[in-house]
>>> print(open('target.tsv').read())   # TSV, C-alpha atoms
chain	number	residue	atom	x	y	z
G	1	MET	CA	-26.82	12.31	27.21
G	2	HIS	CA	-25.66	15.31	25.19
G	3	GLU	CA	-25.28	18.70	26.82
G	4	GLY	CA	-28.23	20.86	25.83
G	5	THR	CA	-30.68	17.94	25.66
G	6	VAL	CA	-34.25	19.07	26.30
G	7	LYS	CA	-36.07	15.81	25.46
G	8	ILE	CA	-35.20	12.12	25.05
G	9	ILE	CA	-37.04	9.81	22.64
G	10	GLU	CA	-36.57	6.05	22.70
G	11	SER	CA	-37.38	4.31	19.45
G	12	GLU	CA	-39.06	0.90	19.15
G	13	ASP	CA	-35.91	-0.41	17.46
G	14	GLY	CA	-33.69	0.54	20.39
G	15	ASP	CA	-32.25	3.81	19.10
G	16	VAL	CA	-32.16	6.72	21.54
G	17	ILE	CA	-32.62	10.26	20.24
G	18	ASP	CA	-31.54	13.32	22.23
G	19	CYS	CA	-33.37	16.48	21.18
G	20	VAL	CA	-30.62	19.08	21.62
G	21	ASP	CA	-30.85	22.87	21.61
G	22	ILE	CA	-29.89	23.86	18.06
G	23	ARG	CA	-27.28	26.29	19.41
G	24	LYS	CA	-25.61	23.55	21.52
G	25	GLN	CA	-25.15	20.94	18.80
G	26	PRO	CA	-21.62	19.55	18.19
G	27	ALA	CA	-20.88	21.83	15.22
G	28	PHE	CA	-20.21	24.80	17.43
G	29	ASN	CA	-17.26	23.12	19.10
G	30	HIS	CA	-15.36	23.53	15.82
G	31	PRO	CA	-12.69	26.24	16.21
G	32	LEU	CA	-13.80	27.89	12.95
G	33	LEU	CA	-17.46	27.97	14.03
G	34	LYS	CA	-17.19	29.52	17.50
G	35	ASN	CA	-19.11	32.66	16.50
G	36	HIS	CA	-21.13	31.04	13.72
G	37	THR	CA	-24.76	32.12	13.32
G	38	VAL	CA	-27.08	29.28	12.33
G	39	GLN	CA	-28.46	29.74	8.84
G	40	ILE	CA	-31.96	28.24	8.76
G	41	LYS	CA	-32.36	28.22	4.97
G	42	PRO	CA	-30.14	28.96	1.97
G	43	HIS	CA	-30.39	32.56	0.82
G	44	ALA	CA	-31.51	31.42	-2.61
G	45	GLN	CA	-33.21	28.13	-3.38
G	46	SER	CA	-32.18	26.25	-6.50
G	47	ARG	CA	-34.38	24.95	-9.22
G	48	GLY	CA	-35.29	21.38	-8.44
G	49	ILE	CA	-34.73	21.45	-4.67
G	50	ASP	CA	-37.79	23.27	-3.36
G	51	GLU	CA	-38.87	22.03	0.04
G	52	ALA	CA	-42.04	19.98	0.16
G	53	GLU	CA	-44.50	20.87	2.88
G	54	ASN	CA	-46.38	17.57	2.90
G	55	ASN	CA	-44.24	14.87	1.37
G	56	PRO	CA	-45.86	11.61	2.60
G	57	ASN	CA	-42.37	10.16	3.03
G	58	MET	CA	-41.07	12.98	5.22
G	59	LEU	CA	-41.13	10.93	8.42
G	60	PHE	CA	-39.19	7.88	7.25
G	61	GLN	CA	-37.53	7.06	10.58
G	62	SER	CA	-39.23	4.89	13.19
G	63	TRP	CA	-38.43	7.04	16.23
G	64	HIS	CA	-41.22	9.44	15.19
G	65	LYS	CA	-43.76	6.88	16.42
G	66	ASN	CA	-42.66	7.73	19.96
G	67	GLY	CA	-42.43	11.51	19.77
G	68	GLU	CA	-41.04	14.54	18.00
G	69	CYS	CA	-38.25	16.97	18.81
G	70	PRO	CA	-39.51	20.43	19.81
G	71	GLU	CA	-38.97	23.53	17.69
G	72	GLY	CA	-35.51	24.97	18.23
G	73	THR	CA	-33.90	21.55	18.76
G	74	VAL	CA	-32.22	18.98	16.52
G	75	PRO	CA	-32.23	15.17	16.94
G	76	LEU	CA	-28.91	13.56	17.86
G	77	LEU	CA	-28.70	9.79	17.71
G	78	ARG	CA	-26.76	8.33	20.63
G	79	ARG	CA	-23.80	6.41	19.28
G	80	THR	CA	-24.43	2.69	18.97
G	81	HIS	CA	-21.95	-0.13	19.20
G	82	ASN	CA	-23.23	-1.50	15.90
G	83	PHE	CA	-22.41	1.56	13.86
G	84	ASN	CA	-18.93	1.53	12.34
G	85	HIS	CA	-17.53	4.88	13.47
G	86	SER	CA	-14.08	4.26	12.06
G	87	ARG	CA	-12.51	6.69	9.63
G	88	ARG	CA	-13.48	6.29	6.00
G	89	SER	CA	-10.89	5.22	3.46
G	90	TYR	CA	-9.98	6.89	0.22
G	91	PRO	CA	-12.61	6.17	-2.45
G	92	VAL	CA	-11.46	4.85	-5.81
G	93	PHE	CA	-12.25	6.91	-8.86
G	94	LEU	CA	-11.30	5.96	-12.36
G	95	HIS	CA	-9.57	9.18	-13.33
G	96	LYS	CA	-6.25	10.92	-12.96
G	97	LYS	CA	-7.10	12.71	-9.68
G	98	VAL	CA	-6.34	9.65	-7.60
G	99	ALA	CA	-4.76	7.14	-9.94
G	100	GLN	CA	-1.36	7.64	-8.37
G	101	LEU	CA	-2.79	7.26	-4.85
G	102	ASN	CA	-4.68	4.01	-5.16
G	103	ASP	CA	-1.84	1.81	-3.99
G	104	VAL	CA	-1.11	3.98	-0.97
G	105	ASN	CA	-4.47	5.17	0.25
G	106	ASN	CA	-6.96	2.61	-0.93
G	107	PRO	CA	-6.90	-0.56	1.13
G	108	SER	CA	-7.61	-3.57	-1.06
G	109	ASN	CA	-10.50	-4.53	1.21
G	110	HIS	CA	-12.78	-1.76	-0.14
G	111	GLU	CA	-14.70	-2.65	-3.31
G	112	TYR	CA	-16.85	-0.38	-5.46
G	113	ALA	CA	-19.46	-0.24	-8.21
G	114	GLN	CA	-19.91	3.41	-9.12
G	115	VAL	CA	-20.00	6.09	-11.79
G	116	SER	CA	-18.14	9.42	-11.73
G	117	ALA	CA	-18.45	12.82	-13.38
G	118	VAL	CA	-14.95	14.31	-13.47
G	119	ASP	CA	-12.99	17.40	-14.47
G	120	GLY	CA	-16.00	19.67	-14.02
G	121	ASN	CA	-17.06	22.72	-12.06
G	122	TYR	CA	-19.94	21.43	-9.97
G	123	TYR	CA	-22.15	23.25	-7.48
G	124	GLY	CA	-23.67	20.04	-6.15
G	125	ALA	CA	-25.20	16.68	-6.95
G	126	ARG	CA	-28.46	14.81	-6.55
G	127	ALA	CA	-29.90	11.29	-6.92
G	128	THR	CA	-32.75	9.11	-5.82
G	129	ILE	CA	-31.31	6.02	-4.12
G	130	ASN	CA	-33.14	2.70	-3.82
G	131	VAL	CA	-33.04	1.54	-0.16
G	132	TRP	CA	-32.32	-2.07	0.85
G	133	ASN	CA	-31.00	-3.97	3.85
G	134	PRO	CA	-28.16	-6.05	2.40
G	135	LEU	CA	-26.50	-8.80	4.40
G	136	THR	CA	-23.26	-7.68	6.06
G	137	ASN	CA	-20.73	-9.60	8.09
G	138	PHE	CA	-19.38	-8.41	11.42
G	139	GLY	CA	-16.66	-5.78	10.94
G	140	GLU	CA	-17.85	-5.00	7.43
G	141	LEU	CA	-20.27	-2.55	5.85
G	142	SER	CA	-22.32	-1.95	2.73
G	143	ILE	CA	-22.99	1.57	1.45
G	144	ALA	CA	-24.93	3.37	-1.28
G	145	GLN	CA	-23.98	7.04	-1.51
G	146	ILE	CA	-23.09	10.27	-3.31
G	147	TRP	CA	-19.55	11.73	-3.07
G	148	VAL	CA	-18.95	15.44	-3.84
G	149	LEU	CA	-15.21	16.03	-4.15
G	150	ALA	CA	-12.45	18.56	-4.72
G	151	GLY	CA	-8.69	18.49	-4.33
G	152	ASP	CA	-6.18	15.66	-4.41
G	153	GLY	CA	-4.43	13.23	-2.13
G	154	ASN	CA	-4.01	14.47	1.41
G	155	GLU	CA	-5.81	17.66	0.42
G	156	LEU	CA	-8.91	15.82	-0.77
G	157	ASN	CA	-12.18	17.41	0.39
G	158	SER	CA	-15.24	15.16	0.35
G	159	LEU	CA	-18.93	15.53	1.21
G	160	GLU	CA	-20.85	12.27	1.37
G	161	ALA	CA	-24.44	11.17	1.99
G	162	GLY	CA	-26.42	7.97	1.54
G	163	TRP	CA	-27.39	4.81	3.40
G	164	THR	CA	-25.27	2.20	5.15
G	165	VAL	CA	-25.61	-1.21	6.81
G	166	ASN	CA	-22.97	-2.23	9.37
G	167	ASN	CA	-21.83	-5.31	11.25
G	168	GLY	CA	-24.74	-7.56	10.27
G	169	GLU	CA	-27.28	-5.11	11.67
G	170	LYS	CA	-30.83	-5.52	10.38
G	171	LYS	CA	-31.16	-1.74	10.07
G	172	THR	CA	-30.36	0.49	7.13
G	173	ARG	CA	-29.17	3.87	8.35
G	174	LEU	CA	-29.03	7.33	6.81
G	175	PHE	CA	-25.51	8.75	7.05
G	176	ILE	CA	-23.32	11.67	6.09
G	177	TYR	CA	-19.54	12.00	6.14
G	178	TRP	CA	-16.98	14.72	5.44
G	179	THR	CA	-13.23	15.24	5.34
G	180	SER	CA	-10.98	18.14	4.39
G	181	ASP	CA	-7.64	16.30	4.44
G	182	GLY	CA	-8.04	13.05	2.53
G	183	TYR	CA	-9.56	11.08	5.44
G	184	GLN	CA	-6.55	11.66	7.68
G	185	SER	CA	-7.61	13.60	10.78
G	186	THR	CA	-10.58	15.83	9.88
G	187	GLY	CA	-14.19	14.85	9.49
G	188	CYS	CA	-16.47	12.10	10.68
G	189	TYR	CA	-19.82	10.39	10.27
G	190	ASN	CA	-23.04	12.24	11.03
G	191	LEU	CA	-22.69	14.59	14.03
G	192	ASP	CA	-19.89	12.57	15.65
G	193	CYS	CA	-17.58	15.59	15.48
G	194	PRO	CA	-17.95	19.35	15.00
G	195	GLY	CA	-18.62	20.37	11.40
G	196	PHE	CA	-22.07	19.80	9.95
G	197	VAL	CA	-24.70	22.28	11.20
G	198	GLN	CA	-28.11	20.63	11.48
G	199	THR	CA	-31.27	22.74	11.12
G	200	ASN	CA	-33.94	20.05	10.78
G	201	LYS	CA	-35.81	18.64	13.81
G	202	ASN	CA	-37.30	15.61	12.01
G	203	ILE	CA	-34.30	13.76	10.56
G	204	ALA	CA	-31.76	11.97	12.76
G	205	LEU	CA	-28.45	11.45	10.98
G	206	GLY	CA	-27.43	7.86	11.64
G	207	GLY	CA	-31.04	6.91	12.30
G	208	SER	CA	-32.66	3.94	10.60
G	209	ILE	CA	-34.68	4.24	7.39
G	210	GLU	CA	-38.03	2.47	7.24
G	211	PRO	CA	-39.39	0.67	5.36
G	212	VAL	CA	-36.84	-0.79	2.92
G	213	SER	CA	-37.39	-2.44	-0.46
G	214	LYS	CA	-38.59	-6.01	-0.85
G	215	TYR	CA	-37.20	-8.35	-3.51
G	216	GLY	CA	-39.84	-8.64	-6.21
G	217	GLY	CA	-42.09	-6.36	-4.14
G	218	GLU	CA	-42.55	-2.73	-3.20
G	219	GLN	CA	-39.53	-0.51	-3.87
G	220	ARG	CA	-38.45	2.23	-1.46
G	221	ASP	CA	-36.04	5.06	-2.11
G	222	ILE	CA	-34.77	8.34	-0.69
G	223	SER	CA	-33.88	11.47	-2.61
G	224	ILE	CA	-30.61	13.16	-1.64
G	225	VAL	CA	-29.32	16.56	-2.74
G	226	ILE	CA	-25.98	18.17	-1.81
G	227	HIS	CA	-25.88	21.73	-3.12
G	228	LYS	CA	-23.70	24.81	-2.72
G	229	ALA	CA	-25.96	27.73	-1.88
G	230	ARG	CA	-25.33	31.23	-3.09
G	231	SER	CA	-24.65	33.78	-0.40
G	232	ASN	CA	-26.19	37.23	-0.29
G	233	SER	CA	-23.03	38.74	-1.69
G	234	TYR	CA	-23.34	37.92	-5.36
G	235	SER	CA	-24.26	39.73	-8.53
G	236	HIS	CA	-26.56	38.19	-11.11
G	237	SER	CA	-23.62	37.27	-13.30
G	238	HIS	CA	-21.20	35.94	-10.70
G	239	PHE	CA	-20.80	35.12	-7.04
G	240	ASN	CA	-17.88	34.36	-4.80
G	241	ASN	CA	-17.67	30.55	-4.70
G	242	ASN	CA	-16.19	30.68	-1.21
G	243	ASP	CA	-19.29	32.29	0.26
G	244	GLY	CA	-21.82	29.50	-0.08
G	245	ASN	CA	-22.40	26.69	2.41
G	246	TRP	CA	-23.05	23.14	1.19
G	247	TRP	CA	-26.67	22.22	1.99
G	248	LEU	CA	-28.00	18.70	2.43
G	249	GLN	CA	-31.57	17.86	1.48
G	250	VAL	CA	-33.20	14.45	2.10
G	251	GLN	CA	-36.73	13.57	0.95
G	252	ASP	CA	-37.39	17.22	-0.02
G	253	GLN	CA	-36.36	18.47	3.43
G	254	LEU	CA	-33.39	20.70	4.20
G	255	VAL	CA	-31.41	18.88	6.88
G	256	GLY	CA	-28.58	21.36	7.42
G	257	TYR	CA	-25.25	22.36	5.91
G	258	TRP	CA	-21.50	21.97	5.91
G	259	PRO	CA	-20.09	25.49	6.35
G	260	SER	CA	-17.69	26.35	3.52
G	261	SER	CA	-15.23	27.64	6.14
G	262	ILE	CA	-14.34	24.11	7.33
G	263	PHE	CA	-13.00	23.19	3.88
G	264	THR	CA	-10.09	24.16	1.68
G	265	HIS	CA	-10.89	23.12	-1.90
G	266	LEU	CA	-14.63	22.75	-1.25
G	267	ALA	CA	-14.71	26.31	0.03
G	268	GLY	CA	-15.16	26.74	-3.72
G	269	THR	CA	-16.80	24.32	-6.11
G	270	SER	CA	-16.49	20.57	-6.64
G	271	ASP	CA	-14.43	19.11	-9.49
G	272	ALA	CA	-15.71	15.52	-9.29
G	273	ILE	CA	-18.87	13.68	-8.25
G	274	SER	CA	-19.39	9.96	-7.76
G	275	TRP	CA	-22.52	7.90	-7.19
G	276	GLY	CA	-22.61	4.22	-6.26
G	277	GLY	CA	-21.99	1.35	-3.91
G	278	GLU	CA	-19.12	0.36	-1.64
G	279	ILE	CA	-18.45	-2.63	0.61
G	280	VAL	CA	-15.67	-3.78	2.93
G	281	ASN	CA	-14.26	-7.22	2.24
G	282	ASN	CA	-12.21	-8.56	5.17
G	283	GLN	CA	-12.13	-12.03	3.60
G	284	PRO	CA	-13.71	-13.90	6.49
G	285	ASN	CA	-13.04	-17.64	6.38
G	286	GLY	CA	-10.17	-17.04	3.97
G	287	HIS	CA	-12.25	-16.17	0.91
G	288	HIS	CA	-14.20	-13.24	-0.49
G	289	THR	CA	-16.89	-11.90	1.84
G	290	SER	CA	-20.57	-12.70	1.46
G	291	THR	CA	-21.40	-9.11	2.44
G	292	GLN	CA	-23.86	-7.91	-0.18
G	293	MET	CA	-23.88	-4.66	-2.13
G	294	GLY	CA	-27.18	-2.99	-3.00
G	295	SER	CA	-29.94	-5.59	-2.92
G	296	GLY	CA	-27.46	-8.47	-3.03
G	297	HIS	CA	-28.49	-9.15	-6.64
G	298	PHE	CA	-26.74	-8.31	-9.90
G	299	PRO	CA	-27.80	-5.40	-12.14
G	300	ASN	CA	-29.14	-7.68	-14.88
G	301	GLU	CA	-32.10	-8.56	-12.64
G	302	ALA	CA	-33.22	-4.91	-13.04
G	303	TYR	CA	-36.13	-3.09	-11.38
G	304	GLY	CA	-37.64	-4.64	-8.25
G	305	LYS	CA	-34.72	-6.99	-7.75
G	306	ALA	CA	-31.48	-5.07	-8.34
G	307	SER	CA	-30.73	-1.87	-6.45
G	308	PHE	CA	-30.69	1.39	-8.41
G	309	PHE	CA	-29.82	5.07	-8.44
G	310	THR	CA	-32.13	7.23	-10.58
G	311	LYS	CA	-32.36	10.92	-11.54
G	312	LEU	CA	-28.62	11.51	-11.28
G	313	GLY	CA	-27.89	15.20	-11.65
G	314	TYR	CA	-25.38	17.94	-10.99
G	315	PHE	CA	-25.86	21.67	-10.35
G	316	ASP	CA	-24.28	24.19	-12.69
G	317	GLU	CA	-23.30	27.80	-11.98
G	318	GLY	CA	-26.80	28.98	-12.85
G	319	ASN	CA	-28.36	26.74	-10.14
G	320	ASN	CA	-29.79	24.43	-12.82
G	321	VAL	CA	-29.90	20.65	-12.38
G	322	LYS	CA	-28.25	19.00	-15.38
G	323	ASP	CA	-27.95	15.38	-16.51
G	324	PRO	CA	-24.34	14.21	-16.12
G	325	GLU	CA	-22.74	13.13	-19.39
G	326	ASN	CA	-19.71	10.95	-20.14
G	327	LEU	CA	-19.95	9.21	-16.78
G	328	GLU	CA	-16.94	7.04	-16.03
G	329	PRO	CA	-17.88	3.65	-14.55
G	330	PHE	CA	-15.65	1.88	-12.06
G	331	VAL	CA	-16.22	-1.67	-10.83
G	332	THR	CA	-13.61	-3.31	-8.61
G	333	ARG	CA	-14.60	-6.94	-9.23
G	334	PRO	CA	-17.50	-7.52	-11.66
G	335	PRO	CA	-17.97	-11.21	-10.69
G	336	CYS	CA	-18.73	-10.02	-7.13
G	337	TYR	CA	-20.58	-6.73	-7.69
G	338	ASP	CA	-21.42	-5.10	-11.01
G	339	LEU	CA	-22.97	-2.01	-12.61
G	340	ARG	CA	-25.28	-1.22	-15.54
G	341	THR	CA	-26.04	2.33	-16.65
G	342	GLY	CA	-28.89	3.78	-18.69
G	343	LYS	CA	-31.07	6.80	-19.40
G	344	ASP	CA	-34.78	7.15	-20.08
G	345	ASN	CA	-37.64	9.61	-19.70
G	346	LYS	CA	-38.92	8.16	-16.42
G	347	PHE	CA	-35.71	7.68	-14.44
G	348	GLY	CA	-33.39	10.15	-16.18
G	349	VAL	CA	-29.75	9.08	-15.91
G	350	PHE	CA	-29.74	5.88	-13.84
G	351	PHE	CA	-27.83	2.74	-13.03
G	352	TYR	CA	-28.36	-0.62	-11.39
G	353	PHE	CA	-25.54	-1.84	-9.14
G	354	GLY	CA	-24.57	-4.50	-6.63
G	355	GLY	CA	-24.27	-8.22	-6.17
G	356	PRO	CA	-24.00	-11.06	-3.66
G	357	GLY	CA	-20.26	-11.14	-3.04
G	358	TYR	CA	-18.89	-14.64	-2.43
G	359	SER	CA	-19.86	-17.28	-5.01
G	360	ALA	CA	-18.28	-19.81	-7.35
G	361	ASN	CA	-17.29	-16.86	-9.56
G	362	CYS	CA	-16.26	-14.57	-6.70
G	363	GLN	CA	-13.61	-16.19	-4.55
>>> encode(input="target.tsv", output="structure tokens")
Amino acid sequence: MHEGTVKIIESEDGDVIDCVDIRKQPAFNHPLLKNHTVQIKPHAQSRGIDEAENNPNMLFQSWHKNGECPEGTVPLLRRTHNFNHSRRSYPVFLHKKVAQLNDVNNPSNHEYAQVSAVDGNYYGARATINVWNPLTNFGELSIAQIWVLAGDGNELNSLEAGWTVNNGEKKTRLFIYWTSDGYQSTGCYNLDCPGFVQTNKNIALGGSIEPVSKYGGEQRDISIVIHKARSNSYSHSHFNNNDGNWWLQVQDQLVGYWPSSIFTHLAGTSDAISWGGEIVNNQPNGHHTSTQMGSGHFPNEAYGKASFFTKLGYFDEGNNVKDPENLEPFVTRPPCYDLRTGKDNKFGVFFYFGGPGYSANCQ
């Protein structure tokens, strides 16, 4: 049980939630946050990320059936043996920022299907992500996420959010991740280490998402926004990039923020964003893994069968959400997992991604 716990909620699916005093959450063990004052909301909301008071999908985690955390507390999921708490590896992006690092920092067992906006000056990113429960093998994972990045190599700063399935678990979990040194020693998943400051009492980072999409049936998704808020100390024409914290919003709810003070390059703005899927392939049985990405089906099966990201966007200096242009696709092994991009009036900038892994064409 976490210090500062005022209530314990046991979920039907076996998860245990500790409702912890907001001032005693892990973030405040960070040496740079010892005297930090919790910010409950950004000083200025951005266009396109207003909080919804009555979104019917606000309570998308099953533990709510057995109780709620009181005001002034935040839900902490007790660490489970199923969740892969190991350090993340360097993501692959098809541009010069990391081209020279791929051989060193990207283990060959990570495979991707993603798109990237590069060489920009970004104040955040958003997307609506289709939620599935792909098959995963023990020791492997399958992820759909947003990466907000700045810096290079061992100085890479990354903010990440999305869903993950680990170790064959039949649960799809909401997750966040951060690093300020290229995945070496800083950062972690969820609230596993000091850093992210949670302000929301309804969303448990690492908690399961319910329900998920059905093949050929009802589709489920979650909207995710990562956005650099303006501080009070800005003029109408300009503000100090280092002042604003990076806020996370899920299903129209502010969840909390990464303080800008825990970063180097992301103390300012982001210079690259990626959206997409990732799996770990440990080659069980001596061949490519059967761990699935997305829905486990290829993009050409399209809506209702292939997993998607819709309404991709980035935030500009004026707090406007813009459609990303000239996205750079990257697919590690198209016969195993693939990608198909598009744009229309309903879904905005979108893509289908994923696949089944091991097959006659994917050895």
>>> residues_around(input="target.tsv", residues="region 194-198 of chain G", least_positions_apart="5", cutoff="10 Å", atoms="all atoms listed in the file", output="ChimeraX atom specification")
/G:22-23,25-33,36,38-40,73-76,176-179,186-189,203-205,246-248,254-263
>>> write_last_selection(input="target.tsv", atoms="C-alpha atoms", output="PDB file, in the coordinates of the input")
ATOM      1  CA  ILE G  22     -29.890  23.860  18.060  1.00  0.00           C
ATOM      2  CA  ARG G  23     -27.280  26.290  19.410  1.00  0.00           C
ATOM      3  CA  GLN G  25     -25.150  20.940  18.800  1.00  0.00           C
ATOM      4  CA  PRO G  26     -21.620  19.550  18.190  1.00  0.00           C
ATOM      5  CA  ALA G  27     -20.880  21.830  15.220  1.00  0.00           C
ATOM      6  CA  PHE G  28     -20.210  24.800  17.430  1.00  0.00           C
ATOM      7  CA  ASN G  29     -17.260  23.120  19.100  1.00  0.00           C
ATOM      8  CA  HIS G  30     -15.360  23.530  15.820  1.00  0.00           C
ATOM      9  CA  PRO G  31     -12.690  26.240  16.210  1.00  0.00           C
ATOM     10  CA  LEU G  32     -13.800  27.890  12.950  1.00  0.00           C
ATOM     11  CA  LEU G  33     -17.460  27.970  14.030  1.00  0.00           C
ATOM     12  CA  HIS G  36     -21.130  31.040  13.720  1.00  0.00           C
ATOM     13  CA  VAL G  38     -27.080  29.280  12.330  1.00  0.00           C
ATOM     14  CA  GLN G  39     -28.460  29.740   8.840  1.00  0.00           C
ATOM     15  CA  ILE G  40     -31.960  28.240   8.760  1.00  0.00           C
ATOM     16  CA  THR G  73     -33.900  21.550  18.760  1.00  0.00           C
ATOM     17  CA  VAL G  74     -32.220  18.980  16.520  1.00  0.00           C
ATOM     18  CA  PRO G  75     -32.230  15.170  16.940  1.00  0.00           C
ATOM     19  CA  LEU G  76     -28.910  13.560  17.860  1.00  0.00           C
ATOM     20  CA  ILE G 176     -23.320  11.670   6.090  1.00  0.00           C
ATOM     21  CA  TYR G 177     -19.540  12.000   6.140  1.00  0.00           C
ATOM     22  CA  TRP G 178     -16.980  14.720   5.440  1.00  0.00           C
ATOM     23  CA  THR G 179     -13.230  15.240   5.340  1.00  0.00           C
ATOM     24  CA  THR G 186     -10.580  15.830   9.880  1.00  0.00           C
ATOM     25  CA  GLY G 187     -14.190  14.850   9.490  1.00  0.00           C
ATOM     26  CA  CYS G 188     -16.470  12.100  10.680  1.00  0.00           C
ATOM     27  CA  TYR G 189     -19.820  10.390  10.270  1.00  0.00           C
ATOM     28  CA  ILE G 203     -34.300  13.760  10.560  1.00  0.00           C
ATOM     29  CA  ALA G 204     -31.760  11.970  12.760  1.00  0.00           C
ATOM     30  CA  LEU G 205     -28.450  11.450  10.980  1.00  0.00           C
ATOM     31  CA  TRP G 246     -23.050  23.140   1.190  1.00  0.00           C
ATOM     32  CA  TRP G 247     -26.670  22.220   1.990  1.00  0.00           C
ATOM     33  CA  LEU G 248     -28.000  18.700   2.430  1.00  0.00           C
ATOM     34  CA  LEU G 254     -33.390  20.700   4.200  1.00  0.00           C
ATOM     35  CA  VAL G 255     -31.410  18.880   6.880  1.00  0.00           C
ATOM     36  CA  GLY G 256     -28.580  21.360   7.420  1.00  0.00           C
ATOM     37  CA  TYR G 257     -25.250  22.360   5.910  1.00  0.00           C
ATOM     38  CA  TRP G 258     -21.500  21.970   5.910  1.00  0.00           C
ATOM     39  CA  PRO G 259     -20.090  25.490   6.350  1.00  0.00           C
ATOM     40  CA  SER G 260     -17.690  26.350   3.520  1.00  0.00           C
ATOM     41  CA  SER G 261     -15.230  27.640   6.140  1.00  0.00           C
ATOM     42  CA  ILE G 262     -14.340  24.110   7.330  1.00  0.00           C
ATOM     43  CA  PHE G 263     -13.000  23.190   3.880  1.00  0.00           C
TER      44      PHE G 263
END
>>> closest_atom_pairs(input="target.tsv", of="region 210-321 of chain G", to="region 150-163 of chain G", cutoff="9 Å", atoms="only C-alpha atoms", output="JSON lines")
{"residue": "G:Ile222", "atom": "CA", "partner": "G:Gly162", "partner_atom": "CA", "distance": 8.7}
{"residue": "G:Ile224", "atom": "CA", "partner": "G:Gly162", "partner_atom": "CA", "distance": 7.4}
{"residue": "G:Val225", "atom": "CA", "partner": "G:Ala161", "partner_atom": "CA", "distance": 8.7}
{"residue": "G:Ile226", "atom": "CA", "partner": "G:Leu159", "partner_atom": "CA", "distance": 8.1}
{"residue": "G:Trp246", "atom": "CA", "partner": "G:Leu159", "partner_atom": "CA", "distance": 8.7}
{"residue": "G:Leu248", "atom": "CA", "partner": "G:Ala161", "partner_atom": "CA", "distance": 8.3}
{"residue": "G:Trp258", "atom": "CA", "partner": "G:Leu159", "partner_atom": "CA", "distance": 8.4}
{"residue": "G:Phe263", "atom": "CA", "partner": "G:Asn157", "partner_atom": "CA", "distance": 6.8}
{"residue": "G:Thr264", "atom": "CA", "partner": "G:Asn157", "partner_atom": "CA", "distance": 7.2}
{"residue": "G:His265", "atom": "CA", "partner": "G:Ala150", "partner_atom": "CA", "distance": 5.6}
{"residue": "G:Leu266", "atom": "CA", "partner": "G:Ala150", "partner_atom": "CA", "distance": 5.9}
{"residue": "G:Gly268", "atom": "CA", "partner": "G:Ala150", "partner_atom": "CA", "distance": 8.7}
{"residue": "G:Thr269", "atom": "CA", "partner": "G:Ala150", "partner_atom": "CA", "distance": 7.4}
{"residue": "G:Ser270", "atom": "CA", "partner": "G:Ala150", "partner_atom": "CA", "distance": 4.9}
{"residue": "G:Asp271", "atom": "CA", "partner": "G:Ala150", "partner_atom": "CA", "distance": 5.2}
{"residue": "G:Ala272", "atom": "CA", "partner": "G:Ala150", "partner_atom": "CA", "distance": 6.4}
{"residue": "G:Ile273", "atom": "CA", "partner": "G:Ala150", "partner_atom": "CA", "distance": 8.8}
>>> atom_distance(input="target.tsv", atom1="CA of Glu169 (chain G)", atom2="CA of Asn202 (chain G)")
23.0 Å
>>> residues_around(input="target.tsv", residues="Gln283 (chain G)", least_positions_apart="2", cutoff="12 Å", atoms="only C-alpha atoms", output="PyMOL selection string")
chain G and resi 108-111+137-140+279-281+285-291+357-358+362-363
>>> closest_residue(input="target.tsv", among="G:Gln253, G:Ser307, G:Thr37, G:Asn190", to="Ala144 (chain G)", atoms="all atoms listed in the file")
G:Ser307
>>> residues_around(input="target.tsv", residues="Asn166 (chain G)", least_positions_apart="3", cutoff="9 Å", atoms="only C-alpha atoms", output="PyMOL selection string")
chain G and resi 82-84+135-143+169-173
>>> axis_aligned_box(input="target.tsv", around="region 298-307 of chain G", padding_each_side="3 Å", output="lines of an AutoDock Vina configuration file")
center_x = -32.2
center_y = -5.2
center_z = -10.7
size_x = 16.9
size_y = 12.7
size_z = 14.4
>>> atom_distance(input="target.tsv", atom1="CA of Asn326 (chain G)", atom2="CA of Tyr112 (chain G)")
18.8 Å
>>> atom_distance(input="target.tsv", atom1="CA of Pro299 (chain G)", atom2="CA of Asp338 (chain G)")
6.5 Å
>>> closest_residue(input="target.tsv", among="G:Phe298, G:Gly276, G:Arg340, G:Glu210", to="Asp13 (chain G)", atoms="only C-alpha atoms")
G:Glu210
>>> closest_residue(input="target.tsv", among="G:Gly124, G:Asn319, G:Leu149, G:Ala117", to="Gly182 (chain G)", atoms="all atoms listed in the file")
G:Leu149
>>> residues_near_point(input="target.tsv", point="(-43.0, 4.0, 5.6)", cutoff="9 Å", atoms="only C-alpha atoms", output="PyMOL selection string")
chain G and resi 56-57+59-62+209-212+220
